[in-house]
Amino acid sequence: MEVSTLGALSALVVAIFLILRKVPPAYGMIVGALVGGIVGGVDLSSTVNLMMGGAKGIIPAVMRILAAGVLAGVLIESGAAASIADTIVKKVGETRALLALAIATMILTAVGVFIDVAVITVAPIALAIARQADLSKMAILLAMIGGGKAGNVMSPNPNAIAAADAFHVPLTSVMAAGIVPGLVGLVVAYFIAKKLVNKGSKVEAAEVVAFDRKTLPSFATAIVAPLVAIILLSLRPIFGIVIDPLLALPLGGLLGALAMGRFKDSNQFAVAGLGRMAPVAIMLLGTGTLAGIIGASSLKTVLIEALQSSGLPAYMLAPISGALMSLATASTTAGTVVASQVFNSTLLELAVPALAGAAMIHAGSTVFDHMPHGSFFHATGGAVNMSITERLKVIPYETAVGLSITIVSTLIFGVFKF
């Protein structure tokens, strides 16, 4: 039974409204899906079945995301992430402070740290540098967010896992597809941030928090965990040896803990990592219910007809759907999940290659993932003690970075079909 376009739109509107009212995103999307199905002309029993079917489709990605918690826990709780960030900033130098902050956040996100956690990790270093170099909070925040967006499209994060699962392509292929677009986004973020160095508030002395570098692990041992994970994942495309992310990501984390001499703390790291991943996994189950309703709706047909009437090529459905779903959910991960689950079969039927569809949806989901109804907006603003009013002023610049990533990805995989 097909859900009407009105039902699909109602599901999105209700979900956004509830999330703005501080309802947990998972519940907001579940209620939105339920309302959307009923408004869309489907009886209650069939609506629930569609929701369950959508949630069922996301379970493999949820399992891999939970496994990734071991890697994330090791990187964050051991101080490895802070060590990597501190080393990169020192190597690049304070004279290129904004570039250093962007690169540090990109690297952290690229090796598997959540983008908001990466920004929070780099923020103390950024505040100290900004105070010393007289840089504005807007400049350092955009540099970190831009670097985070760049790293996000080339990382083994939940969004990449979800896109790879939906299109049945290797995770490393989705990660590799984001490298060039991500680097372009990094450059764009850096140059925009340079224009903002005197715009907005500056860092006060009381906001600078010192941290003890002596307690951090060395860079050589800190980098072991992500390197092992990426090498294990790379065995599939290089040698045809398939090691699922369900194994590769936690194994990388455990070997990283061993390299840092913290293996006895592995369980502590895993518990902390699971605590960070659990809210994402729960949110994705809610996202799956929303995807089930939208996937069974005529919204896909409406979007395709709109593309055809506009004269745009079929592959544009991928980045546009990613951008629209990130706007609705204010999340790269949720946006990628909904767009991938709903439009994967349609894109394949339109002769868009699986990797191209996954890459363009993934890139498109970075365009509006920073909207105020999502947690990323508030977490990143709080990391640099920025007011809501000033944080809102950063949105156009963040959007420009996401657009640059999406445009390059679309040129590579849609226009030139590499």
# chains A, B, ... in the order shown; residues from 1 in each chain; ligands from 1
>>> residues_around(residues="A:Ala163", least_positions_apart="2", cutoff="10 Å", atoms="only C-alpha atoms", output="ChimeraX atom specification")
/A:61,158-161,165-171,174,333,336-341,344,354-355,357-362
>>> closest_atom_pairs(of="stretch 81-129 of chain A", to="stretch 219-230 of chain A", cutoff="6 Å", atoms="only C-alpha atoms", output="JSON lines")
{"residue": "A:Ser83", "atom": "CA", "partner": "A:Phe219", "partner_atom": "CA", "distance": 5.9}
{"residue": "A:Ile84", "atom": "CA", "partner": "A:Phe219", "partner_atom": "CA", "distance": 5.8}
{"residue": "A:Val111", "atom": "CA", "partner": "A:Pro226", "partner_atom": "CA", "distance": 5.3}
>>> residues_around(residues="stretch 116-119 of chain A", least_positions_apart="5", cutoff="7 Å", atoms="only C-alpha atoms", output="list in words")
Thr105, Leu108, Thr109, Met144, Ile145, Phe376, Ala379 and Thr380 of chain A
>>> residues_around(residues="A:Pro245", least_positions_apart="3", cutoff="7 Å", atoms="only C-alpha atoms", output="MDAnalysis selection string")
chainID A and resid 64 233 248:249
>>> residues_around(residues="A:Ala351", least_positions_apart="5", cutoff="12 Å", atoms="only C-alpha atoms", output="list in words")
Pro313, Ala314, Tyr315, Leu317, Asn344, Ser345, Thr346, Ala356, Gly357, Gly414 and Lys417 of chain A
>>> closest_atom_pairs(of="stretch 20-72 of chain A", to="stretch 282-297 of chain A", cutoff="6 Å", atoms="only C-alpha atoms", output="tab-separated table")
residue	atom	partner	partner_atom	distance
A:Ala26	CA	A:Gly286	CA	4.3
A:Met29	CA	A:Gly286	CA	5.5
A:Ile30	CA	A:Gly286	CA	5.3
A:Ala33	CA	A:Leu290	CA	4.8
A:Leu50	CA	A:Gly292	CA	5.3
A:Met51	CA	A:Thr289	CA	4.1
A:Gly54	CA	A:Gly292	CA	3.8
A:Ala55	CA	A:Gly288	CA	4.1
A:Ile58	CA	A:Gly288	CA	6.0
>>> residues_around(residues="A:Gly28", least_positions_apart="5", cutoff="6 Å", atoms="only C-alpha atoms", output="PyMOL selection string")
chain A and resi 15+18-19+23
>>> residues_around(residues="A:Ala150", least_positions_apart="5", cutoff="12 Å", atoms="only C-alpha atoms", output="ChimeraX atom specification")
/A:102-111,115,142-145,155,175,177-190,362-363,366-367,398,401-406,408-409
>>> closest_residue(among="A:Leu71, A:Ala328, A:Ala97, A:Met52", to="A:Val14", atoms="only C-alpha atoms")
A:Ala328
>>> closest_residue(among="A:Ala130, A:Ala278, A:Val113, A:Val48", to="A:Asn152", atoms="only C-alpha atoms")
A:Val113
